Amino acid sequence: MWQRYGSINGAGLRDRQVRDRWLADGTHVQFAVLANAWKETVRDAMADIGANLAAAKVQVRRAISRRTTDPAERRRMFTALKADQWAEDPFLSRQMRKHWRRGRNRTHDQIVVRADRYHSAVDGRGRLWLAIPGLEPRKMVRIPLSTTVAPTGTLRLILRGGRVEVHYQIDAAQMRSSQRACGEATTGVDKGYTEALTDSNGQPHGLKLGVLLSSESDRLKERNRRRAKLRSIANNAALRGDCAKAHRIKANNLGTIKRDRRAARHRARVRTEVFTAVHEVVDKAATVIAEDLTKRFTGRKTLPKNINRRLAAWTKGVTAEALKSVSERRGSALVHVNAAYTSQTCHRCGRLGRRSGDRFHCTPCGVVWQADVNAAINILHRAGDPDIALHTPHHKVKQILQDRTDRHRTKLPVQDSNPATTGRRANHPNRSTMSNK
């Protein structure tokens with residue numbers, strides 16, 4: 001599926017079209033499984049390809065916003081992109097080729113079972129069993145479950161570490177955490193490493209995150225060093241002809257089952273810490289202002305290997321998922337803003353300063369702020385900024401901030417006679433044009 005339809009050939013294609021095509025040309029015969037099994041796999045693979053395409057379109061929409069400010073031209077390109085007619089437009093075609101690279105999938109240990117193709121039953125000892133279709137017609141494979149709650153809906157069965165994981169959807173509105181009401185305030189949050197989030201009131205959330213990430217990074221460093229040494233011994237033994245020793249080392253010391261289980265436990269602890277932090281923020285906020293954590297972060301500095309390894313485990317993707325999921329389930333609003341230079345700008349005077357670790361130094365004010373709190377306050381103010389939109393390029397953001405600093409220093413009024421902009425400034429005045437009182 002990914003080889004054939006993971007690129008431009010899969011644009012606008014539906015799973016039923018692929019199924020009908022494979023039934024007509026006999027491609028399905030080579031699978032040697034029941035029809036429901038390969039059809040559900042086709043549907044699942046096409047959904048993954050569609051998600052990959054949608055992720056590329058997000059990047060292209062940002063490129064469109066940077067390219068033009070004409071509403072009609074933007075609308076035309078957005079419509080062509082949504083209707084999968086981007087191949088006819090040279091700019092959209094270039095951008096899609098740049099961001100939608102041919103995907104690949106290494107899935108080899110899971111199947112999808114439709115809701116009407118399995119059943120569950122309880123035996124005399126109170127154990128719950130799941131029966132799913134096997135490779136032969138009318139013969140079921142029975143799997144004992146470690147729960148008393150029967151799964152419902154379409155199932156995804158994953159064979160991992162000698163165990164079968166049963167994944168299925170539940171109604172998020174029925175979860176106990178979804179019944180908690182959100183707060184009433186409007187809060188800005190900044191993503192951190194030592195803590196999951198810091199809000200604009202100065203309160204950190206998820207204080208154990210940095211310890212979890214750093215300890216796991218150090219453990220992986222030492223473990224990989226030892227495994228590399230053992231792998232070298234096994235390779236040398238194989239070169240000498242001592243294949244039995246090489247086999248013993250690989251079988252007893254270089255396995256992946258224990259490693260994968262420990263990695264899964266670490267991921268679960270990190271997710272728990274991040275989701276708990278987001279719930280604490282939503283407890284007091286009806287509107288959460290945050291940066292778009294799905295964007296790529298690039299830096300100019302060459303960092304040491306130890307810091308790069310720790311930042312590689314930075315959980316901004318989990319934080320983005322938690323902010324979106326928790327806010328939707330609990331009824332709060334999540335607003336994304338442009339976070340360019342929010343960690344390098346003083347929230348009181350608006351001037352660019354210098355950040356060093358968790359401290360922000362503002363020379364004009366002569367004050368040292370806590371860096372994450374300062375950034376969270378700037379993110380909160382950025383939501384009402386009429387000049388800096390979500391997709392404004394960072395170099396334009398810097399120019400806007402510098403212009404405001406110059407106007408504030410020279411006491412000049414805002415040089416803009418546009419009535420629309422003047423109206424927006426009346427509703428959302430810039431901090432540089434306000435008095436210091």
# chains A, B, ... in the order shown; residues from 1 in each chain; ligands from 1

$ select_by_dssp --residues "stretch 225-367 of chain A" --states "strand (DSSP E or B)" --output "ChimeraX atom specification"
/A:285-291,333-337,345,352,354-356,359-362,367

$ write_last_selection --atoms "N, CA and C atoms" --output "short mmCIF file (atom, residue, chain, number, x, y, z; two decimals), in the first residue's frame"
data_model
loop_
_atom_site.label_atom_id
_atom_site.label_comp_id
_atom_site.auth_asym_id
_atom_site.auth_seq_id
_atom_site.Cartn_x
_atom_site.Cartn_y
_atom_site.Cartn_z
N ALA A 285 -8.31 27.50 33.84
CA ALA A 285 -8.32 28.28 32.60
C ALA A 285 -9.44 27.83 31.69
N ALA A 286 -10.26 28.79 31.26
CA ALA A 286 -11.26 28.52 30.23
C ALA A 286 -10.66 28.69 28.84
N THR A 287 -9.59 29.50 28.74
CA THR A 287 -8.88 29.70 27.48
C THR A 287 -7.39 29.54 27.75
N VAL A 288 -6.76 28.65 27.00
CA VAL A 288 -5.33 28.39 27.14
C VAL A 288 -4.63 28.91 25.90
N ILE A 289 -3.69 29.83 26.09
CA ILE A 289 -2.90 30.39 24.99
C ILE A 289 -1.56 29.67 24.97
N ALA A 290 -1.22 29.07 23.85
CA ALA A 290 0.02 28.29 23.76
C ALA A 290 0.62 28.45 22.38
N GLU A 291 1.89 28.13 22.28
CA GLU A 291 2.56 28.11 20.98
C GLU A 291 2.20 26.84 20.22
N ALA A 333 -10.95 26.38 25.63
CA ALA A 333 -10.52 26.79 24.28
C ALA A 333 -9.00 26.83 24.24
N LEU A 334 -8.42 26.21 23.21
CA LEU A 334 -6.97 26.24 23.00
C LEU A 334 -6.68 27.17 21.84
N VAL A 335 -5.91 28.22 22.08
CA VAL A 335 -5.57 29.21 21.07
C VAL A 335 -4.07 29.15 20.82
N HIS A 336 -3.69 28.92 19.56
CA HIS A 336 -2.28 28.89 19.19
C HIS A 336 -1.85 30.28 18.72
N VAL A 337 -0.67 30.69 19.15
CA VAL A 337 -0.13 31.98 18.76
C VAL A 337 1.29 31.79 18.25
N THR A 345 12.13 38.38 24.81
CA THR A 345 11.56 39.72 24.93
C THR A 345 11.07 39.94 26.34
N LEU A 352 14.09 43.49 23.44
CA LEU A 352 14.82 42.22 23.35
C LEU A 352 15.91 42.20 24.41
N ARG A 354 18.44 39.10 26.91
CA ARG A 354 19.34 37.96 26.79
C ARG A 354 18.88 36.88 27.76
N ARG A 355 18.72 35.68 27.22
CA ARG A 355 18.32 34.55 28.04
C ARG A 355 19.52 33.66 28.31
N SER A 356 19.69 33.28 29.57
CA SER A 356 20.78 32.40 29.98
C SER A 356 20.20 31.34 30.90
N ARG A 359 17.08 32.01 33.28
CA ARG A 359 17.03 33.42 33.65
C ARG A 359 17.01 34.29 32.39
N PHE A 360 16.18 35.34 32.44
CA PHE A 360 16.11 36.29 31.35
C PHE A 360 16.57 37.65 31.87
N HIS A 361 17.58 38.22 31.23
CA HIS A 361 18.18 39.49 31.66
C HIS A 361 17.68 40.61 30.74
N CYS A 362 16.99 41.59 31.33
CA CYS A 362 16.52 42.76 30.59
C CYS A 362 17.37 43.95 31.03
N VAL A 367 16.23 44.19 35.31
CA VAL A 367 15.55 43.15 36.07
C VAL A 367 15.93 41.80 35.46
#

$ residues_around --residues "A:Ala172" --least-positions-apart "3" --cutoff "10 Å" --atoms "only C-alpha atoms" --output "list in words"
Gln169, Met175, Arg176, Ser177, Ser178, Gln179, Ser325, Val326, Glu328, Arg329 and Arg330 of chain A

$ closest_residue --among "A:Arg259, A:Glu273, A:Arg125, A:Arg223" --to "A:Val211" --atoms "only C-alpha atoms"
A:Glu273

$ select_by_dssp --residues "stretch 45-199 of chain A" --states "alpha helix (DSSP H)" --output "ChimeraX atom specification"
/A:45-67,71-82,90-99

$ write_last_selection --atoms "N, CA and C atoms" --output "compact mmCIF listing (two decimals), in the first residue's frame"
# COMPACT_ATOMS: atom_id res chain seq x y z
N ALA A 45 -4.32 1.15 6.17
CA ALA A 45 -3.15 1.73 5.52
C ALA A 45 -3.51 3.01 4.78
N MET A 46 -4.66 3.05 4.12
CA MET A 46 -5.06 4.27 3.42
C MET A 46 -5.34 5.40 4.40
N ALA A 47 -5.83 5.06 5.60
CA ALA A 47 -6.03 6.09 6.62
C ALA A 47 -4.69 6.66 7.08
N ASP A 48 -3.67 5.80 7.21
CA ASP A 48 -2.34 6.29 7.58
C ASP A 48 -1.75 7.18 6.49
N ILE A 49 -1.94 6.78 5.24
CA ILE A 49 -1.44 7.59 4.13
C ILE A 49 -2.15 8.94 4.09
N GLY A 50 -3.46 8.93 4.35
CA GLY A 50 -4.20 10.18 4.39
C GLY A 50 -3.73 11.09 5.52
N ALA A 51 -3.38 10.51 6.66
CA ALA A 51 -2.86 11.31 7.77
C ALA A 51 -1.50 11.90 7.41
N ASN A 52 -0.68 11.12 6.71
CA ASN A 52 0.62 11.62 6.26
C ASN A 52 0.44 12.78 5.28
N LEU A 53 -0.53 12.66 4.39
CA LEU A 53 -0.83 13.73 3.44
C LEU A 53 -1.34 14.98 4.16
N ALA A 54 -2.21 14.78 5.15
CA ALA A 54 -2.76 15.92 5.89
C ALA A 54 -1.67 16.67 6.65
N ALA A 55 -0.69 15.94 7.18
CA ALA A 55 0.42 16.59 7.88
C ALA A 55 1.24 17.44 6.93
N ALA A 56 1.43 16.97 5.70
CA ALA A 56 2.16 17.76 4.71
C ALA A 56 1.37 19.02 4.32
N LYS A 57 0.05 18.90 4.24
CA LYS A 57 -0.77 20.05 3.88
C LYS A 57 -0.70 21.16 4.93
N VAL A 58 -0.48 20.80 6.19
CA VAL A 58 -0.33 21.82 7.22
C VAL A 58 0.88 22.69 6.92
N GLN A 59 1.99 22.06 6.53
CA GLN A 59 3.19 22.82 6.19
C GLN A 59 2.96 23.69 4.95
N VAL A 60 2.21 23.17 3.98
CA VAL A 60 1.96 23.93 2.76
C VAL A 60 1.06 25.13 3.06
N ARG A 61 0.10 24.97 3.95
CA ARG A 61 -0.76 26.11 4.32
C ARG A 61 0.07 27.22 4.95
N ARG A 62 1.05 26.85 5.75
CA ARG A 62 1.92 27.87 6.33
C ARG A 62 2.73 28.57 5.24
N ALA A 63 3.18 27.81 4.24
CA ALA A 63 3.92 28.41 3.13
C ALA A 63 3.03 29.36 2.33
N ILE A 64 1.74 29.01 2.17
CA ILE A 64 0.81 29.89 1.46
C ILE A 64 0.63 31.19 2.23
N SER A 65 0.50 31.08 3.55
CA SER A 65 0.32 32.29 4.36
C SER A 65 1.53 33.20 4.29
N ARG A 66 2.72 32.61 4.18
CA ARG A 66 3.92 33.43 4.06
C ARG A 66 4.08 34.04 2.68
N ARG A 67 3.50 33.38 1.66
CA ARG A 67 3.72 33.80 0.28
C ARG A 67 2.90 35.02 -0.09
N PRO A 71 -6.37 38.00 0.07
CA PRO A 71 -7.37 37.00 0.52
C PRO A 71 -7.88 36.12 -0.61
N ALA A 72 -8.09 36.70 -1.79
CA ALA A 72 -8.61 35.90 -2.91
C ALA A 72 -7.61 34.85 -3.35
N GLU A 73 -6.33 35.22 -3.43
CA GLU A 73 -5.31 34.26 -3.84
C GLU A 73 -5.12 33.18 -2.79
N ARG A 74 -5.18 33.57 -1.53
CA ARG A 74 -5.09 32.55 -0.48
C ARG A 74 -6.25 31.57 -0.55
N ARG A 75 -7.45 32.12 -0.76
CA ARG A 75 -8.63 31.26 -0.83
C ARG A 75 -8.52 30.29 -2.01
N ARG A 76 -8.02 30.77 -3.12
CA ARG A 76 -7.88 29.91 -4.30
C ARG A 76 -6.90 28.76 -4.02
N MET A 77 -5.76 29.08 -3.42
CA MET A 77 -4.77 28.03 -3.16
C MET A 77 -5.23 27.08 -2.06
N PHE A 78 -5.90 27.61 -1.05
CA PHE A 78 -6.42 26.74 0.00
C PHE A 78 -7.46 25.78 -0.56
N THR A 79 -8.31 26.28 -1.46
CA THR A 79 -9.35 25.42 -2.06
C THR A 79 -8.72 24.33 -2.92
N ALA A 80 -7.72 24.70 -3.72
CA ALA A 80 -7.05 23.71 -4.56
C ALA A 80 -6.33 22.66 -3.72
N LEU A 81 -5.74 23.10 -2.61
CA LEU A 81 -5.05 22.15 -1.74
C LEU A 81 -6.02 21.19 -1.08
N LYS A 82 -7.16 21.70 -0.63
CA LYS A 82 -8.15 20.85 0.02
C LYS A 82 -8.77 19.85 -0.95
N PRO A 90 1.84 25.42 -10.00
CA PRO A 90 3.30 25.22 -9.85
C PRO A 90 3.79 25.41 -8.42
N PHE A 91 3.32 26.45 -7.73
CA PHE A 91 3.77 26.69 -6.36
C PHE A 91 3.32 25.59 -5.43
N LEU A 92 2.04 25.21 -5.50
CA LEU A 92 1.54 24.15 -4.64
C LEU A 92 2.22 22.83 -4.94
N SER A 93 2.48 22.58 -6.21
CA SER A 93 3.16 21.33 -6.57
C SER A 93 4.56 21.27 -5.99
N ARG A 94 5.29 22.37 -6.04
CA ARG A 94 6.64 22.39 -5.47
C ARG A 94 6.60 22.19 -3.96
N GLN A 95 5.66 22.86 -3.32
CA GLN A 95 5.58 22.74 -1.88
C GLN A 95 5.17 21.33 -1.44
N MET A 96 4.25 20.71 -2.17
CA MET A 96 3.84 19.35 -1.82
C MET A 96 4.97 18.36 -2.05
N ARG A 97 5.74 18.54 -3.11
CA ARG A 97 6.89 17.65 -3.33
C ARG A 97 7.94 17.83 -2.24
N LYS A 98 8.01 19.04 -1.70
CA LYS A 98 8.99 19.31 -0.65
C LYS A 98 8.58 18.70 0.68
N HIS A 99 7.30 18.81 1.05
CA HIS A 99 6.86 18.40 2.38
C HIS A 99 6.23 17.01 2.40

$ residues_around --residues "stretch 129-134 of chain A" --least-positions-apart "5" --cutoff "6 Å" --atoms "only C-alpha atoms" --output "list in words"
Tyr118, His119, Ser120, Ala121, Lys139, Met140, Val141, Arg142, Ile143, Pro144 and Leu145 of chain A

$ closest_residue --among "A:Asp358, A:Arg404, A:Gly331, A:Asn338" --to "A:Ile388" --atoms "only C-alpha atoms"
A:Asn338

$ closest_residue --among "A:Lys221, A:Arg114, A:His266, A:His28" --to "A:Arg156" --atoms "only C-alpha atoms"
A:Arg114

$ residues_around --residues "A:Lys398" --least-positions-apart "3" --cutoff "8 Å" --atoms "only C-alpha atoms" --output "mmCIF file with N, CA and C atoms, in the first residue's frame"
data_model
loop_
_atom_site.group_PDB
_atom_site.id
_atom_site.type_symbol
_atom_site.label_atom_id
_atom_site.label_comp_id
_atom_site.auth_asym_id
_atom_site.auth_seq_id
_atom_site.Cartn_x
_atom_site.Cartn_y
_atom_site.Cartn_z
ATOM 1 N N ALA A 340 7.415 33.384 18.309
ATOM 2 C CA ALA A 340 8.747 33.868 17.946
ATOM 3 C C ALA A 340 9.189 34.975 18.903
ATOM 4 N N TYR A 341 10.364 34.816 19.489
ATOM 5 C CA TYR A 341 11.013 35.790 20.361
ATOM 6 C C TYR A 341 10.251 36.031 21.669
ATOM 7 N N HIS A 394 9.562 34.675 11.418
ATOM 8 C CA HIS A 394 10.249 35.130 12.632
ATOM 9 C C HIS A 394 11.067 36.402 12.380
ATOM 10 N N HIS A 395 11.611 36.565 11.150
ATOM 11 C CA HIS A 395 12.384 37.785 10.899
ATOM 12 C C HIS A 395 11.483 39.014 10.858
ATOM 13 N N LEU A 401 9.075 43.956 16.567
ATOM 14 C CA LEU A 401 9.462 44.215 17.953
ATOM 15 C C LEU A 401 10.489 45.347 18.035
ATOM 16 N N GLN A 402 11.437 45.355 17.103
ATOM 17 C CA GLN A 402 12.435 46.428 17.104
ATOM 18 C C GLN A 402 11.810 47.771 16.766
#

$ residues_around --residues "A:Gly153" --least-positions-apart "6" --cutoff "12 Å" --atoms "only C-alpha atoms" --output "PyMOL selection string"
chain A and resi 112-119+166-171

$ residues_around --residues "A:Ile377" --least-positions-apart "6" --cutoff "9 Å" --atoms "only C-alpha atoms" --output "list in words"
Thr187, Gly188, Val189, Asp190, Asp199, Ser200, Asn201, Gly202, Thr342 and His347 of chain A

$ atom_distance --atom1 "atom CA of A:Glu88" --atom2 "atom CA of A:Asp70"
19.9 Å

$ residues_around --residues "A:Val274" --least-positions-apart "2" --cutoff "12 Å" --atoms "only C-alpha atoms" --output "PyMOL selection string"
chain A and resi 191-198+204-210+212-213+267-272+276-281+314-323+325-326

$ atom_distance --atom1 "atom CA of A:Lys396" --atom2 "atom CA of A:Trp369"
25.2 Å

$ atom_distance --atom1 "atom CA of A:Trp2" --atom2 "atom CA of A:Pro151"
29.2 Å
